[in-house]
Amino acid sequence: GVQTCALPISQVYWNSRLQGEHARLVESFSPSDVVVDAFAGVGPFAVPAGKKGCGVLASDLNPASAASLADNAKSNKVRFCSAFATSSN
């Protein structure tokens with residue numbers, strides 16, 4: 001399915017050149033897999049993996065990225081994605 005992704009471009013990192021790699025990795029996941037994404041950003045792995053049915057734990061040091069990830073998971077109706085900001089301290 002089509003994934004929508006909202007992001008505050010001035011506050012988060014996004015590289016559209018990685019879309020093929022994201023798709024290739026998500027294709028290799030099984031719905032019964034649990035995916036841990038320690039550098040999740042706005043969710044280019046986490047959201048599609050969650051849409052596929054995987055359980056997802058996703059975090060990012062950037063609170064704006066973690067907030068966008070949570071919003072993107074919700075807007076894409078991903079049920080099994082836990083998004084949170086981590087601290088560098």
# chains A, B, ... in the order shown; residues from 1 in each chain; ligands from 1

$ select_by_dssp --residues "chain A" --states "alpha helix (DSSP H)" --output "PyMOL selection string"
chain A and resi 19-28+46-52+63-75

$ write_last_selection --atoms "C-alpha atoms" --output "PDB file, in the first residue's frame"
ATOM      1  CA  GLN A  19      13.686   4.510  -0.691  1.00  0.00           C
ATOM      2  CA  GLY A  20      14.784   1.500  -2.742  1.00  0.00           C
ATOM      3  CA  GLU A  21      16.862   0.143   0.125  1.00  0.00           C
ATOM      4  CA  HIS A  22      13.998   0.702   2.573  1.00  0.00           C
ATOM      5  CA  ALA A  23      11.615  -1.214   0.292  1.00  0.00           C
ATOM      6  CA  ARG A  24      14.119  -4.051  -0.235  1.00  0.00           C
ATOM      7  CA  LEU A  25      14.583  -4.562   3.501  1.00  0.00           C
ATOM      8  CA  VAL A  26      10.885  -4.360   4.351  1.00  0.00           C
ATOM      9  CA  GLU A  27      10.180  -6.913   1.597  1.00  0.00           C
ATOM     10  CA  SER A  28      12.458  -9.360   3.444  1.00  0.00           C
ATOM     11  CA  ALA A  46       9.197   1.365  10.857  1.00  0.00           C
ATOM     12  CA  VAL A  47       5.948   2.446   9.197  1.00  0.00           C
ATOM     13  CA  PRO A  48       6.087   0.049   6.202  1.00  0.00           C
ATOM     14  CA  ALA A  49       7.184  -2.797   8.513  1.00  0.00           C
ATOM     15  CA  GLY A  50       4.255  -2.045  10.803  1.00  0.00           C
ATOM     16  CA  LYS A  51       1.879  -1.904   7.838  1.00  0.00           C
ATOM     17  CA  LYS A  52       3.145  -5.361   6.884  1.00  0.00           C
ATOM     18  CA  PRO A  63      12.407  14.492  19.353  1.00  0.00           C
ATOM     19  CA  ALA A  64      10.948  16.080  16.176  1.00  0.00           C
ATOM     20  CA  SER A  65      11.725  12.885  14.228  1.00  0.00           C
ATOM     21  CA  ALA A  66      10.205  10.680  16.933  1.00  0.00           C
ATOM     22  CA  ALA A  67       7.062  12.834  17.010  1.00  0.00           C
ATOM     23  CA  SER A  68       6.776  12.706  13.208  1.00  0.00           C
ATOM     24  CA  LEU A  69       7.263   8.938  13.314  1.00  0.00           C
ATOM     25  CA  ALA A  70       4.421   8.553  15.821  1.00  0.00           C
ATOM     26  CA  ASP A  71       2.179  10.790  13.679  1.00  0.00           C
ATOM     27  CA  ASN A  72       3.106   8.888  10.504  1.00  0.00           C
ATOM     28  CA  ALA A  73       2.391   5.527  12.135  1.00  0.00           C
ATOM     29  CA  LYS A  74      -1.015   6.790  13.266  1.00  0.00           C
ATOM     30  CA  SER A  75      -1.951   8.363   9.914  1.00  0.00           C
TER      31      SER A  75
END

$ select_by_dssp --residues "chain A" --states "strand (DSSP E or B)" --output "ChimeraX atom specification"
/A:34-37,55-60,81-85

$ write_last_selection --atoms "all heavy atoms" --output "short mmCIF file (atom, residue, chain, number, x, y, z; two decimals), in the first residue's frame"
data_model
loop_
_atom_site.label_atom_id
_atom_site.label_comp_id
_atom_site.auth_asym_id
_atom_site.auth_seq_id
_atom_site.Cartn_x
_atom_site.Cartn_y
_atom_site.Cartn_z
N VAL A 34 9.69 -9.09 14.58
CA VAL A 34 9.75 -7.90 15.42
C VAL A 34 10.96 -7.11 14.95
O VAL A 34 12.06 -7.64 14.88
CB VAL A 34 9.87 -8.25 16.91
CG1 VAL A 34 10.06 -6.98 17.74
CG2 VAL A 34 8.64 -9.02 17.38
N VAL A 35 10.74 -5.85 14.60
CA VAL A 35 11.79 -4.99 14.05
C VAL A 35 12.13 -3.93 15.09
O VAL A 35 11.24 -3.27 15.63
CB VAL A 35 11.30 -4.33 12.74
CG1 VAL A 35 12.35 -3.37 12.20
CG2 VAL A 35 10.94 -5.38 11.71
N VAL A 36 13.43 -3.77 15.36
CA VAL A 36 13.91 -2.71 16.25
C VAL A 36 14.71 -1.74 15.40
O VAL A 36 15.70 -2.13 14.77
CB VAL A 36 14.77 -3.28 17.40
CG1 VAL A 36 15.30 -2.16 18.27
CG2 VAL A 36 13.97 -4.28 18.22
N ASP A 37 14.26 -0.50 15.34
CA ASP A 37 14.92 0.53 14.53
C ASP A 37 15.42 1.61 15.47
O ASP A 37 14.67 2.45 15.94
CB ASP A 37 13.92 1.09 13.51
CG ASP A 37 14.58 2.02 12.50
OD1 ASP A 37 15.76 2.36 12.67
OD2 ASP A 37 13.88 2.41 11.55
N GLY A 55 5.82 -6.36 14.42
CA GLY A 55 5.89 -5.56 15.63
C GLY A 55 7.09 -4.65 15.48
O GLY A 55 8.14 -5.08 15.01
N VAL A 56 6.96 -3.38 15.86
CA VAL A 56 8.05 -2.43 15.65
C VAL A 56 8.31 -1.62 16.91
O VAL A 56 7.39 -1.06 17.49
CB VAL A 56 7.71 -1.46 14.48
CG1 VAL A 56 8.84 -0.46 14.27
CG2 VAL A 56 7.44 -2.23 13.19
N LEU A 57 9.58 -1.55 17.30
CA LEU A 57 10.06 -0.64 18.32
C LEU A 57 10.99 0.32 17.61
O LEU A 57 11.98 -0.10 17.01
CB LEU A 57 10.82 -1.38 19.42
CG LEU A 57 10.01 -2.38 20.23
CD1 LEU A 57 10.93 -3.19 21.13
CD2 LEU A 57 8.96 -1.66 21.05
N ALA A 58 10.68 1.61 17.63
CA ALA A 58 11.45 2.59 16.87
C ALA A 58 11.79 3.79 17.74
O ALA A 58 10.94 4.30 18.45
CB ALA A 58 10.64 3.03 15.65
N SER A 59 13.04 4.22 17.68
CA SER A 59 13.45 5.38 18.46
C SER A 59 14.37 6.26 17.63
O SER A 59 14.96 5.83 16.64
CB SER A 59 14.17 4.95 19.74
OG SER A 59 15.40 4.33 19.43
N ASP A 60 14.50 7.51 18.07
CA ASP A 60 15.41 8.45 17.43
C ASP A 60 15.85 9.47 18.47
O ASP A 60 15.08 9.80 19.38
CB ASP A 60 14.75 9.16 16.25
CG ASP A 60 15.78 9.74 15.30
OD1 ASP A 60 16.25 10.86 15.55
OD2 ASP A 60 16.12 9.05 14.32
N CYS A 81 3.37 -0.36 16.28
CA CYS A 81 4.58 0.45 16.23
C CYS A 81 4.65 1.33 17.48
O CYS A 81 3.76 2.12 17.73
CB CYS A 81 4.61 1.34 14.98
SG CYS A 81 6.09 2.33 14.81
N SER A 82 5.71 1.14 18.26
CA SER A 82 5.93 1.96 19.44
C SER A 82 7.08 2.91 19.12
O SER A 82 8.20 2.48 18.88
CB SER A 82 6.28 1.07 20.63
OG SER A 82 6.52 1.85 21.77
N ALA A 83 6.80 4.21 19.09
CA ALA A 83 7.80 5.22 18.73
C ALA A 83 8.15 6.06 19.95
O ALA A 83 7.27 6.44 20.71
CB ALA A 83 7.26 6.11 17.63
N PHE A 84 9.44 6.32 20.14
CA PHE A 84 9.85 7.15 21.26
C PHE A 84 11.17 7.85 20.96
O PHE A 84 11.95 7.39 20.15
CB PHE A 84 9.95 6.31 22.54
CG PHE A 84 10.78 5.06 22.39
CD1 PHE A 84 12.11 5.07 22.73
CD2 PHE A 84 10.22 3.88 21.92
CE1 PHE A 84 12.89 3.92 22.60
CE2 PHE A 84 10.98 2.74 21.78
CZ PHE A 84 12.32 2.75 22.12
N ALA A 85 11.38 8.96 21.65
CA ALA A 85 12.65 9.70 21.55
C ALA A 85 13.59 9.15 22.62
O ALA A 85 13.17 8.85 23.73
CB ALA A 85 12.43 11.18 21.76
#

$ closest_atom_pairs --of "region 34-62 of chain A" --to "region 12-16 of chain A" --cutoff "10 Å" --atoms "only C-alpha atoms" --output "JSON lines"
{"residue": "A:Gly41", "atom": "CA", "partner": "A:Tyr13", "partner_atom": "CA", "distance": 7.1}
{"residue": "A:Val42", "atom": "CA", "partner": "A:Val12", "partner_atom": "CA", "distance": 7.7}
{"residue": "A:Pro44", "atom": "CA", "partner": "A:Trp14", "partner_atom": "CA", "distance": 9.2}
{"residue": "A:Asn62", "atom": "CA", "partner": "A:Val12", "partner_atom": "CA", "distance": 7.5}

$ atom_distance --atom1 "CA of Asn76 (chain A)" --atom2 "CA of Phe45 (chain A)"
13.0 Å

$ closest_residue --among "A:Leu61, A:Gly53, A:Lys77, A:Arg17" --to "Phe39 (chain A)" --atoms "only C-alpha atoms"
A:Leu61

$ decode --residues "region 21-34 of chain A" --atoms "all heavy atoms" --output "short mmCIF file (atom, residue, chain, number, x, y, z; two decimals), in the first residue's frame"
data_model
loop_
_atom_site.label_atom_id
_atom_site.label_comp_id
_atom_site.auth_asym_id
_atom_site.auth_seq_id
_atom_site.Cartn_x
_atom_site.Cartn_y
_atom_site.Cartn_z
N GLU A 21 16.30 0.98 -0.93
CA GLU A 21 16.86 0.14 0.13
C GLU A 21 15.84 -0.12 1.22
O GLU A 21 15.72 -1.24 1.72
CB GLU A 21 18.11 0.81 0.72
CG GLU A 21 18.80 0.00 1.78
CD GLU A 21 19.48 -1.26 1.25
OE1 GLU A 21 19.48 -1.52 0.04
OE2 GLU A 21 20.00 -2.02 2.09
N HIS A 22 15.06 0.89 1.58
CA HIS A 22 14.00 0.70 2.57
C HIS A 22 13.03 -0.37 2.08
O HIS A 22 12.68 -1.29 2.83
CB HIS A 22 13.23 2.00 2.81
CG HIS A 22 14.06 3.09 3.40
ND1 HIS A 22 13.69 4.41 3.33
CD2 HIS A 22 15.23 3.09 4.07
CE1 HIS A 22 14.60 5.16 3.93
NE2 HIS A 22 15.55 4.37 4.38
N ALA A 23 12.58 -0.26 0.85
CA ALA A 23 11.61 -1.21 0.29
C ALA A 23 12.20 -2.62 0.24
O ALA A 23 11.51 -3.60 0.55
CB ALA A 23 11.18 -0.76 -1.10
N ARG A 24 13.47 -2.73 -0.14
CA ARG A 24 14.12 -4.05 -0.23
C ARG A 24 14.15 -4.73 1.14
O ARG A 24 13.84 -5.91 1.27
CB ARG A 24 15.53 -3.91 -0.79
CG ARG A 24 16.24 -5.24 -1.00
CD ARG A 24 17.70 -5.06 -1.36
NE ARG A 24 18.51 -4.56 -0.26
CZ ARG A 24 18.94 -5.29 0.77
NH1 ARG A 24 18.61 -6.57 0.85
NH2 ARG A 24 19.67 -4.76 1.72
N LEU A 25 14.52 -3.97 2.16
CA LEU A 25 14.58 -4.56 3.50
C LEU A 25 13.20 -4.94 4.02
O LEU A 25 13.02 -6.03 4.57
CB LEU A 25 15.27 -3.60 4.46
CG LEU A 25 16.78 -3.52 4.31
CD1 LEU A 25 17.35 -2.39 5.15
CD2 LEU A 25 17.43 -4.82 4.69
N VAL A 26 12.23 -4.06 3.87
CA VAL A 26 10.88 -4.36 4.35
C VAL A 26 10.32 -5.58 3.63
O VAL A 26 9.64 -6.41 4.24
CB VAL A 26 9.96 -3.13 4.22
CG1 VAL A 26 8.52 -3.49 4.51
CG2 VAL A 26 10.43 -2.02 5.16
N GLU A 27 10.63 -5.74 2.36
CA GLU A 27 10.18 -6.91 1.60
C GLU A 27 10.70 -8.21 2.23
O GLU A 27 10.02 -9.24 2.18
CB GLU A 27 10.65 -6.80 0.15
CG GLU A 27 10.28 -7.97 -0.72
CD GLU A 27 8.78 -8.13 -0.94
OE1 GLU A 27 8.05 -7.12 -0.86
OE2 GLU A 27 8.33 -9.27 -1.19
N SER A 28 11.87 -8.16 2.85
CA SER A 28 12.46 -9.36 3.44
C SER A 28 11.84 -9.71 4.80
O SER A 28 12.08 -10.79 5.32
CB SER A 28 13.98 -9.19 3.59
OG SER A 28 14.29 -8.30 4.64
N PHE A 29 11.05 -8.82 5.39
CA PHE A 29 10.43 -9.06 6.69
C PHE A 29 9.21 -9.94 6.55
O PHE A 29 8.47 -9.87 5.57
CB PHE A 29 9.99 -7.75 7.35
CG PHE A 29 11.08 -6.75 7.62
CD1 PHE A 29 10.78 -5.41 7.74
CD2 PHE A 29 12.40 -7.13 7.75
CE1 PHE A 29 11.77 -4.46 7.99
CE2 PHE A 29 13.40 -6.20 8.00
CZ PHE A 29 13.08 -4.87 8.12
N SER A 30 8.96 -10.77 7.56
CA SER A 30 7.73 -11.55 7.66
C SER A 30 6.81 -10.84 8.65
O SER A 30 7.27 -10.19 9.58
CB SER A 30 8.02 -12.95 8.20
OG SER A 30 8.84 -13.66 7.30
N PRO A 31 5.49 -10.98 8.46
CA PRO A 31 4.56 -10.31 9.39
C PRO A 31 4.77 -10.70 10.85
O PRO A 31 4.43 -9.94 11.75
CB PRO A 31 3.19 -10.75 8.89
CG PRO A 31 3.40 -11.01 7.44
CD PRO A 31 4.79 -11.60 7.35
N SER A 32 5.35 -11.86 11.11
CA SER A 32 5.58 -12.30 12.49
C SER A 32 6.89 -11.76 13.08
O SER A 32 7.17 -11.97 14.25
CB SER A 32 5.61 -13.83 12.55
OG SER A 32 6.66 -14.33 11.74
N ASP A 33 7.68 -11.03 12.28
CA ASP A 33 8.94 -10.48 12.75
C ASP A 33 8.72 -9.30 13.70
O ASP A 33 7.72 -8.60 13.62
CB ASP A 33 9.80 -9.98 11.59
CG ASP A 33 10.39 -11.09 10.74
OD1 ASP A 33 10.42 -12.25 11.21
OD2 ASP A 33 10.80 -10.80 9.60
N VAL A 34 9.69 -9.09 14.58
CA VAL A 34 9.75 -7.90 15.42
C VAL A 34 10.96 -7.11 14.95
O VAL A 34 12.06 -7.64 14.88
CB VAL A 34 9.87 -8.25 16.91
CG1 VAL A 34 10.06 -6.98 17.74
CG2 VAL A 34 8.64 -9.02 17.38
#
